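Asker: work-v1.tsv (TSV, C-alpha atoms) pasted underneath:
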```tsv
chain	number	residue	atom	x	y	z
A	138	MET	CA	0.00	0.00	0.00
A	139	LYS	CA	2.80	2.44	0.76
A	140	HIS	CA	4.14	1.96	-2.78
A	141	LEU	CA	0.71	2.69	-4.25
A	142	THR	CA	0.50	5.85	-2.17
A	143	LYS	CA	3.84	7.05	-3.52
A	144	ILE	CA	2.73	6.42	-7.07
A	145	LEU	CA	-0.55	8.28	-6.62
A	146	ILE	CA	1.19	11.29	-5.08
A	147	ILE	CA	3.69	11.52	-7.91
A	148	PHE	CA	1.01	11.10	-10.55
A	149	LEU	CA	-1.00	13.91	-9.02
A	150	PHE	CA	2.10	16.07	-9.22
A	151	GLY	CA	2.73	15.07	-12.82
A	152	PHE	CA	-0.78	15.66	-14.10
A	153	THR	CA	-0.93	19.10	-12.51
A	154	THR	CA	2.21	20.46	-14.18
A	155	ILE	CA	1.96	23.91	-15.75
A	156	ASN	CA	0.58	23.70	-19.28
A	157	TYR	CA	2.44	26.14	-21.50
A	158	ALA	CA	-0.17	25.80	-24.27
A	159	GLN	CA	-2.53	27.88	-22.16
A	160	LYS	CA	-0.49	30.88	-23.33
A	161	ASP	CA	-1.40	30.09	-26.94
A	162	HIS	CA	2.09	29.05	-28.05
A	163	VAL	CA	0.77	26.39	-30.42
A	164	GLY	CA	2.73	26.31	-33.66
A	165	THR	CA	5.38	28.81	-32.52
A	166	SER	CA	8.41	26.53	-32.02
A	167	VAL	CA	11.26	25.70	-34.39
A	168	ALA	CA	13.59	22.67	-34.48
A	169	ASN	CA	10.63	20.37	-34.05
A	170	PHE	CA	12.76	17.38	-35.02
A	171	LEU	CA	13.73	17.45	-31.34
A	172	LYS	CA	10.25	16.07	-30.58
A	173	ILE	CA	10.79	12.90	-32.65
A	174	GLY	CA	11.48	9.98	-30.33
A	175	ILE	CA	14.65	7.97	-30.86
A	176	GLY	CA	15.65	4.42	-29.98
A	177	GLY	CA	13.74	1.20	-30.65
A	178	LYS	CA	13.37	0.47	-26.94
A	179	ALA	CA	12.07	3.87	-25.81
A	180	VAL	CA	9.70	4.34	-28.74
A	181	ALA	CA	8.29	0.81	-28.39
A	182	MET	CA	7.28	1.87	-24.86
A	183	ALA	CA	5.50	4.93	-26.31
A	184	ASP	CA	8.28	7.30	-25.21
A	185	ALA	CA	7.60	6.55	-21.52
A	186	PHE	CA	11.34	6.45	-20.95
A	187	THR	CA	12.20	9.43	-18.77
A	188	ALA	CA	12.42	7.36	-15.57
A	189	ILE	CA	14.21	4.45	-17.29
A	190	SER	CA	16.91	5.97	-19.53
A	191	ASP	CA	19.24	3.00	-19.07
A	192	ASP	CA	21.11	2.97	-22.39
A	193	PRO	CA	22.92	5.56	-24.57
A	194	THR	CA	19.60	6.95	-25.84
A	195	ALA	CA	19.37	8.51	-22.36
A	196	LEU	CA	21.52	11.24	-23.91
A	197	PHE	CA	18.32	12.24	-25.71
A	198	TRP	CA	15.66	11.33	-23.13
A	199	ASN	CA	17.24	12.09	-19.77
A	200	PRO	CA	20.97	12.81	-19.28
A	201	GLY	CA	20.55	12.01	-15.59
A	202	GLY	CA	20.14	8.36	-16.54
A	203	ILE	CA	23.70	7.85	-17.77
A	204	GLY	CA	25.05	8.45	-14.27
A	205	PHE	CA	23.89	4.97	-13.26
A	206	GLN	CA	25.64	3.30	-16.21
A	207	LYS	CA	28.82	1.33	-15.46
A	208	GLN	CA	29.85	0.25	-18.96
A	209	LEU	CA	31.16	1.96	-22.05
A	210	ALA	CA	28.27	1.80	-24.50
A	211	MET	CA	27.12	3.14	-27.86
A	212	ASN	CA	23.87	3.11	-29.79
A	213	PHE	CA	22.79	3.86	-33.33
A	214	SER	CA	19.10	4.36	-34.15
A	215	TYR	CA	17.39	4.91	-37.49
A	216	ALA	CA	13.78	5.53	-38.50
A	217	GLN	CA	12.12	6.07	-41.86
A	218	TRP	CA	9.88	8.94	-40.82
A	219	ILE	CA	6.70	10.20	-42.49
A	220	PHE	CA	6.71	11.39	-46.12
A	221	GLU	CA	9.99	9.61	-46.87
A	222	THR	CA	11.99	11.68	-44.40
A	223	ASN	CA	14.41	10.00	-42.02
A	224	SER	CA	15.63	10.40	-38.46
A	225	SER	CA	18.87	9.04	-37.01
A	226	PHE	CA	20.76	9.14	-33.73
A	227	PHE	CA	24.19	8.10	-32.52
A	228	GLY	CA	25.32	8.23	-28.92
A	229	VAL	CA	28.29	7.11	-26.83
A	230	ILE	CA	28.57	7.06	-23.04
A	231	VAL	CA	31.87	6.71	-21.17
A	232	PRO	CA	31.83	6.04	-17.40
A	233	MET	CA	34.80	7.57	-15.56
A	234	GLY	CA	34.38	6.07	-12.09
A	235	ASP	CA	33.85	8.54	-9.28
A	236	VAL	CA	34.33	11.44	-11.70
A	237	GLY	CA	31.01	10.68	-13.39
A	238	THR	CA	29.83	9.64	-16.84
A	239	PHE	CA	30.38	11.55	-20.07
A	240	GLY	CA	28.49	11.24	-23.33
A	241	VAL	CA	28.41	12.54	-26.89
A	242	SER	CA	25.37	12.39	-29.16
A	243	ILE	CA	24.34	13.36	-32.69
A	244	ASN	CA	20.66	13.63	-33.56
A	245	SER	CA	19.79	14.38	-37.18
A	246	PHE	CA	16.80	14.68	-39.48
A	247	SER	CA	16.68	14.88	-43.28
A	248	SER	CA	13.95	15.40	-45.84
A	249	GLY	CA	15.85	13.98	-48.80
A	250	ASP	CA	15.60	15.70	-52.18
A	251	ILE	CA	12.62	18.05	-52.70
A	252	GLU	CA	11.68	19.24	-56.19
A	253	GLU	CA	11.46	23.02	-56.34
A	254	THR	CA	8.23	24.56	-57.66
A	255	THR	CA	7.22	28.20	-58.03
A	256	ILE	CA	4.06	30.11	-58.85
A	257	THR	CA	5.17	30.47	-62.46
A	258	LYS	CA	6.54	26.90	-62.67
A	259	PRO	CA	4.18	24.73	-60.62
A	260	HIS	CA	5.45	21.55	-62.30
A	261	GLY	CA	9.03	22.15	-61.25
A	262	THR	CA	11.99	24.37	-62.04
A	263	GLY	CA	14.41	21.50	-62.56
A	264	ARG	CA	16.14	22.32	-59.27
A	265	VAL	CA	16.07	20.21	-56.11
A	266	PHE	CA	16.84	21.19	-52.54
A	267	ASP	CA	16.58	19.62	-49.11
A	268	ALA	CA	15.77	20.40	-45.51
A	269	SER	CA	17.95	19.05	-42.72
A	270	ASP	CA	18.44	19.43	-38.99
A	271	ILE	CA	21.19	18.38	-36.64
A	272	SER	CA	21.81	18.55	-32.91
A	273	ILE	CA	25.22	17.77	-31.40
A	274	GLY	CA	25.31	17.27	-27.65
A	275	VAL	CA	27.92	16.79	-24.93
A	276	SER	CA	26.60	15.32	-21.69
A	277	TYR	CA	27.79	14.81	-18.15
A	278	SER	CA	26.09	12.97	-15.29
A	279	ARG	CA	27.04	11.81	-11.83
A	280	MET	CA	25.51	9.76	-9.05
A	281	LEU	CA	25.18	12.08	-6.07
A	282	THR	CA	23.93	9.27	-3.84
A	283	ASP	CA	23.16	5.59	-4.39
A	284	ARG	CA	19.59	6.68	-5.18
A	285	PHE	CA	20.02	9.90	-7.13
A	286	SER	CA	21.74	10.82	-10.39
A	287	ALA	CA	21.65	14.18	-12.16
A	288	GLY	CA	22.93	15.18	-15.56
A	289	ILE	CA	23.25	17.98	-18.09
A	290	THR	CA	23.54	18.13	-21.87
A	291	LEU	CA	24.90	21.11	-23.78
A	292	LYS	CA	23.65	21.15	-27.38
A	293	TYR	CA	24.41	22.98	-30.57
A	294	MET	CA	21.70	22.68	-33.20
A	295	GLU	CA	21.27	23.84	-36.75
A	296	GLU	CA	18.43	23.90	-39.26
A	297	ASN	CA	18.96	24.16	-43.01
A	298	LEU	CA	16.36	24.81	-45.71
A	299	SER	CA	17.76	25.21	-49.22
A	300	LEU	CA	20.22	28.14	-48.90
A	301	GLU	CA	18.85	29.32	-45.53
A	302	SER	CA	20.10	28.22	-42.14
A	303	SER	CA	19.70	29.00	-38.47
A	304	SER	CA	21.42	27.81	-35.31
A	305	ALA	CA	21.04	27.85	-31.54
A	306	PHE	CA	22.49	26.56	-28.29
A	307	ALA	CA	20.43	24.76	-25.67
A	308	VAL	CA	20.62	22.85	-22.41
A	309	ASP	CA	18.88	19.70	-21.17
A	310	LEU	CA	18.70	19.07	-17.43
A	311	GLY	CA	17.61	15.70	-16.08
A	312	SER	CA	17.62	13.47	-13.03
A	313	ILE	CA	16.49	10.07	-11.82
A	314	PHE	CA	15.65	9.28	-8.22
A	315	ILE	CA	15.17	5.71	-6.97
A	316	LEU	CA	12.22	5.81	-4.59
A	317	ASP	CA	12.19	2.13	-3.67
A	318	PHE	CA	14.90	-0.50	-4.25
A	319	ASP	CA	12.56	-3.49	-3.75
A	320	TYR	CA	10.47	-2.64	-6.81
A	321	ASN	CA	13.11	-0.46	-8.49
A	322	LEU	CA	10.62	2.41	-8.39
A	323	ARG	CA	12.17	5.37	-10.19
A	324	LEU	CA	11.14	8.98	-10.68
A	325	GLY	CA	12.55	10.88	-13.66
A	326	LEU	CA	12.44	14.63	-14.22
A	327	VAL	CA	13.67	16.44	-17.34
A	328	ILE	CA	13.56	19.92	-18.77
A	329	SER	CA	14.89	20.00	-22.34
A	330	ASN	CA	15.62	22.51	-25.10
A	331	LEU	CA	16.17	25.45	-22.79
A	332	GLY	CA	18.10	27.84	-24.98
A	333	SER	CA	18.35	30.64	-27.51
A	334	ASN	CA	15.94	31.38	-30.35
A	335	MET	CA	16.53	30.49	-34.00
A	336	LYS	CA	16.26	32.82	-37.00
A	337	LEU	CA	16.69	31.91	-40.67
A	338	SER	CA	19.19	33.77	-42.82
A	339	GLY	CA	20.76	33.07	-46.20
A	340	LEU	CA	21.16	33.86	-49.87
A	341	ASP	CA	17.57	33.03	-50.85
A	342	LEU	CA	16.40	35.97	-48.77
A	343	GLU	CA	18.32	38.42	-50.91
A	344	LYS	CA	16.16	39.92	-53.66
A	345	ASN	CA	16.35	42.56	-56.36
A	346	ILE	CA	13.31	44.84	-56.25
A	347	THR	CA	12.23	47.16	-59.04
A	348	THR	CA	10.83	50.44	-57.74
A	349	GLU	CA	8.11	52.57	-59.32
A	350	ASN	CA	10.69	54.61	-61.21
A	351	SER	CA	12.25	51.40	-62.61
A	352	LYS	CA	15.24	51.58	-60.33
A	353	LEU	CA	16.72	48.22	-59.28
A	354	VAL	CA	17.26	48.02	-55.52
A	355	GLU	CA	18.92	45.25	-53.55
A	356	ALA	CA	16.77	44.09	-50.62
A	357	GLN	CA	16.59	41.33	-48.08
A	358	LEU	CA	13.45	39.62	-46.85
A	359	LYS	CA	12.90	39.98	-43.12
A	360	THR	CA	12.62	36.90	-40.91
A	361	TYR	CA	11.70	36.52	-37.25
A	362	ASP	CA	13.26	34.47	-34.51
A	363	TRP	CA	11.33	31.64	-32.86
A	364	SER	CA	11.70	29.63	-29.68
A	365	LEU	CA	12.92	26.07	-29.29
A	366	PRO	CA	10.33	23.46	-28.16
A	367	LEU	CA	10.93	23.82	-24.43
A	368	THR	CA	9.62	20.64	-22.80
A	369	PHE	CA	9.12	19.40	-19.25
A	370	ARG	CA	8.67	15.68	-18.59
A	371	VAL	CA	8.02	13.77	-15.40
A	372	GLY	CA	7.90	9.99	-15.38
A	373	LEU	CA	7.65	6.91	-13.19
A	374	ALA	CA	8.90	3.38	-13.80
A	375	SER	CA	8.83	0.24	-11.66
A	376	ASP	CA	9.75	-3.43	-11.97
A	377	ILE	CA	6.54	-4.97	-10.66
A	378	ILE	CA	7.92	-8.47	-11.32
A	379	SER	CA	11.63	-9.20	-10.93
A	380	THR	CA	13.03	-12.74	-10.70
A	381	ASP	CA	16.09	-14.50	-12.07
A	382	ASN	CA	14.31	-15.26	-15.35
A	383	HIS	CA	11.47	-12.77	-15.64
A	384	ARG	CA	11.10	-9.02	-15.34
A	385	LEU	CA	8.05	-6.87	-15.99
A	386	THR	CA	8.54	-3.11	-16.08
A	387	VAL	CA	5.75	-0.54	-16.31
A	388	ALA	CA	6.29	3.16	-16.98
A	389	ALA	CA	4.18	6.28	-17.31
A	390	GLU	CA	4.91	9.94	-17.81
A	391	VAL	CA	3.56	13.36	-18.63
A	392	ASN	CA	5.04	15.36	-21.50
A	393	ASP	CA	4.35	19.10	-21.28
A	394	ALA	CA	5.75	21.21	-24.14
A	395	ARG	CA	5.50	25.00	-24.44
A	396	ASP	CA	3.67	24.76	-27.78
A	397	TYR	CA	1.13	22.06	-26.98
A	398	LYS	CA	-1.11	20.90	-24.18
A	399	ALA	CA	0.15	18.23	-21.78
A	400	ARG	CA	0.21	14.67	-23.10
A	401	GLU	CA	0.51	11.31	-21.36
A	402	ASN	CA	2.45	8.17	-22.27
A	403	ILE	CA	2.38	4.66	-20.80
A	404	GLY	CA	4.67	1.74	-21.63
A	405	ILE	CA	5.46	-1.80	-20.60
A	406	GLU	CA	8.40	-4.17	-21.09
A	407	TYR	CA	8.68	-7.90	-20.41
A	408	GLY	CA	12.18	-9.39	-20.27
A	409	PHE	CA	13.10	-13.07	-20.28
A	410	ASN	CA	16.55	-14.06	-18.96
A	411	ASN	CA	17.63	-10.47	-19.61
A	412	MET	CA	18.00	-11.57	-23.23
A	413	PHE	CA	14.63	-11.38	-24.98
A	414	PHE	CA	12.23	-8.45	-24.59
A	415	LEU	CA	8.67	-7.65	-25.62
A	416	ARG	CA	7.41	-4.07	-25.39
A	417	GLY	CA	4.32	-1.99	-25.96
A	418	GLY	CA	2.82	1.36	-25.14
A	419	TYR	CA	0.17	3.97	-25.85
A	420	LYS	CA	0.13	7.76	-26.22
A	421	PHE	CA	-2.78	9.89	-25.04
A	422	ASN	CA	-3.82	13.33	-26.28
A	423	TYR	CA	-1.62	13.26	-29.39
A	424	ASP	CA	-2.87	14.37	-32.80
A	425	GLU	CA	-1.90	11.24	-34.73
A	426	GLU	CA	0.34	9.00	-32.63
A	427	THR	CA	-1.36	6.14	-30.81
A	428	TYR	CA	0.08	2.72	-29.96
A	429	SER	CA	3.55	1.24	-30.38
A	430	VAL	CA	5.01	-2.25	-30.05
A	431	GLY	CA	8.47	-3.71	-30.29
A	432	LEU	CA	10.97	-6.37	-29.34
A	433	GLY	CA	14.61	-6.55	-28.36
A	434	ILE	CA	17.53	-8.96	-28.12
A	435	ASN	CA	20.48	-8.60	-25.75
A	436	TYR	CA	23.23	-11.07	-26.63
A	437	PHE	CA	26.75	-11.37	-25.24
A	438	LEU	CA	29.48	-11.84	-27.86
A	439	GLU	CA	32.63	-13.48	-26.55
A	440	GLY	CA	35.58	-11.13	-26.81
A	441	ILE	CA	33.43	-8.16	-27.86
A	442	GLY	CA	30.70	-7.46	-25.32
A	443	GLY	CA	26.96	-7.04	-25.31
A	444	LEU	CA	25.09	-6.66	-28.59
A	445	ILE	CA	21.66	-5.06	-28.28
A	446	VAL	CA	19.17	-4.94	-31.14
A	447	ASP	CA	15.82	-3.18	-30.63
A	448	TYR	CA	12.93	-2.78	-33.07
A	449	SER	CA	9.75	-0.76	-32.75
A	450	LEU	CA	6.64	-0.13	-34.82
A	451	SER	CA	4.62	3.02	-34.13
A	452	ASP	CA	1.14	3.78	-35.39
A	453	MET	CA	0.70	7.32	-36.72
A	454	ASN	CA	-2.99	6.94	-37.59
A	455	ARG	CA	-3.60	8.71	-40.92
A	456	LEU	CA	0.14	9.13	-41.49
A	457	GLY	CA	0.84	5.40	-41.52
A	458	GLN	CA	3.30	3.37	-39.46
A	459	ILE	CA	6.90	4.09	-38.51
A	460	ASN	CA	9.61	1.42	-38.21
A	461	ARG	CA	12.68	1.99	-36.07
A	462	LEU	CA	15.80	-0.07	-35.60
A	463	SER	CA	18.47	0.42	-32.99
A	464	VAL	CA	21.79	-1.38	-32.64
A	465	GLY	CA	23.91	-0.99	-29.54
A	466	LEU	CA	27.17	-2.31	-28.06
A	467	SER	CA	28.33	-2.36	-24.45
A	468	PHE	CA	31.80	-3.25	-23.24
```
Let me see whether you can do it: turn the structure in this file into structure tokens.

Answerer:
Amino acid sequence: MKHLTKILIIFLFGFTTINYAQKDHVGTSVANFLKIGIGGKAVAMADAFTAISDDPTALFWNPGGIGFQKQLAMNFSYAQWIFETNSSFFGVIVPMGDVGTFGVSINSFSSGDIEETTITKPHGTGRVFDASDISIGVSYSRMLTDRFSAGITLKYMEENLSLESSSAFAVDLGSIFILDFDYNLRLGLVISNLGSNMKLSGLDLEKNITTENSKLVEAQLKTYDWSLPLTFRVGLASDIISTDNHRLTVAAEVNDARDYKARENIGIEYGFNNMFFLRGGYKFNYDEETYSVGLGINYFLEGIGGLIVDYSLSDMNRLGQINRLSVGLSF
């Protein structure tokens, strides 16, 4: 009963977080690729990963999670996103004993080639361009007690659209607190994308304007700066079954972004012999995203280390289904 009481108290706290969307910030954020979930494991659990964050994808979800990690590890994740775009992630974590744990991550998004059209040439100009985004992060985390780990990620990000580009710096702050060792009950808190605004600039904004007296004047189109998708997440996770051969983990969290109303995620993972894993989850209050499922394999290779392969399938309702594959190594 005392464990149930803890859970209820934390959930009440989570569901009463401040909702930034009340200030009518919908549609006012840039670098929205930062909202795309990464990692086959996390996404299979419907992004309810803030309180888990137990692999290199924690560099994206919660930098506080890498403080508990004891092994050098890396992870590569790839997803064919909607409309033939793609999302990829690479992360490495390096534990340094009592000093703490360091990490480096690269999160990227690409549209592929886009055929250029104009008002006068709606069937194409013969030119192609692309849109791409990248975020490069350096992370540090440390266990402050045997129950508590906190971490920080410093990020540089850049958006490119044809000949225009913009850039910004941001910070992610995260922590995980173990509330109960018996059930491995964990509380995760994260605030991400706290940083400077982004503003497009580039050659395509330079124009030649003809005035009323037929004089040619060089001009530049004006752009405005926009905020990053500042997000606050609070999550819970617990191993409700934990034996030598079986483990059942449940997780839930609230995701509150500045440009949307609060949303809720729940996920579950069953592990057999710490080798085979089945996962599933559901997202509430999202426009298109609904359920997700996935599986994972954790296999030890003699002389190399642990090989982790995770797969997830996410339903995007009218936008179809998204497949993700992650491959990781631990040493």

Asker: For stretch 297-402 of chain A against stretch 263-283 of chain A, with a cut-off of 9 Å and counting all atoms listed in the file, what is the closest atom pair and its distance in Å to one decimal for every residue that makes the cut, ordered by chain and number, as CSV?

Answerer:
```
residue,atom,partner,partner_atom,distance
A:Asn297,CA,A:Ser269,CA,5.2
A:Leu298,CA,A:Ala268,CA,4.5
A:Ser299,CA,A:Phe266,CA,5.3
A:Leu300,CA,A:Phe266,CA,8.5
A:Val308,CA,A:Gly274,CA,9.0
A:Asp309,CA,A:Ser276,CA,8.9
A:Gly311,CA,A:Ser278,CA,8.9
A:Ser312,CA,A:Ser278,CA,8.8
A:Ile315,CA,A:Asp283,CA,8.4
```

Asker: Keeping C-alpha atoms, export the residues of the selection given above as a short mmCIF file (atom, residue, chain, number, x, y, z; two decimals), in the coordinates of the input.

Answerer:
```
data_model
loop_
_atom_site.label_atom_id
_atom_site.label_comp_id
_atom_site.auth_asym_id
_atom_site.auth_seq_id
_atom_site.Cartn_x
_atom_site.Cartn_y
_atom_site.Cartn_z
CA ASN A 297 18.96 24.16 -43.01
CA LEU A 298 16.36 24.81 -45.71
CA SER A 299 17.76 25.21 -49.22
CA LEU A 300 20.22 28.14 -48.90
CA VAL A 308 20.62 22.85 -22.41
CA ASP A 309 18.88 19.70 -21.17
CA GLY A 311 17.61 15.70 -16.08
CA SER A 312 17.62 13.47 -13.03
CA ILE A 315 15.17 5.71 -6.97
#
```

Asker: Compare A:Gly325, A:Gly418, A:Gly465, A:Gly174 by their minimum atom-to-atom distance to A:Leu444, counting all atoms listed in the file, and give me the closest one.

Answerer: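 Closest to A:Leu444, using all atoms listed in the file: A:Gly465.
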
Asker: Skipping near chain neighbours, those fewer than 3 positions away, what residues fall within 8 Å of A:Asp447 using all atoms listed in the file, listed as a list in words?

Answerer: Gly176, Gly177, Lys178, Gly431, Leu432, Gly433, Ile434, Leu462, Ser463 and Val464 of chain A

Asker: Kindly export the residues of the current selection with C-alpha atoms, as a JSON list (two decimals), in the frame of the given file.

Answerer:
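To be explicit, this is the file written out as again-v6.json:
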```json
[["chain", "number", "residue", "atom", "x", "y", "z"],
["A", 176, "GLY", "CA", 15.65, 4.42, -29.98],
["A", 177, "GLY", "CA", 13.74, 1.20, -30.65],
["A", 178, "LYS", "CA", 13.37, 0.47, -26.94],
["A", 431, "GLY", "CA", 8.47, -3.71, -30.29],
["A", 432, "LEU", "CA", 10.97, -6.37, -29.34],
["A", 433, "GLY", "CA", 14.61, -6.55, -28.36],
["A", 434, "ILE", "CA", 17.53, -8.96, -28.12],
["A", 462, "LEU", "CA", 15.80, -0.07, -35.60],
["A", 463, "SER", "CA", 18.47, 0.42, -32.99],
["A", 464, "VAL", "CA", 21.79, -1.38, -32.64]]
```

Asker: To one decimal in Å, tell me the separation between atom CA of A:Ser242 and atom CA of A:Ser286.

Answerer: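 One can read the atom CA of A:Ser242 to atom CA of A:Ser286 distance as 19.2 Å.
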
Asker: Hey, which of A:Leu450, A:Ser329, A:Phe437, A:Gln357 ends up closest to A:Trp218? Count only C-alpha atoms.

Answerer: A:Leu450

Asker: Considering only C-alpha atoms, can you say which of A:Ala195, A:Ile243, A:Ala374, A:Val163 comes closest to A:Phe318?

Answerer: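 Among the listed residues, A:Ala374 lies closest to A:Phe318.
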
Asker: State, in Å with one decimal place, the distance from atom CA of A:Arg284 to atom CA of A:Phe314.

Answerer: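 We find that atom CA of A:Arg284 and atom CA of A:Phe314 lie 5.6 Å from each other.
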
Asker: Here is a test: counting all atoms listed in the file, which residue of A:Thr386, A:Ser379, A:Thr257, A:Asn392 is nearest to A:Arg323?

Answerer: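 Nearest to A:Arg323: A:Thr386.
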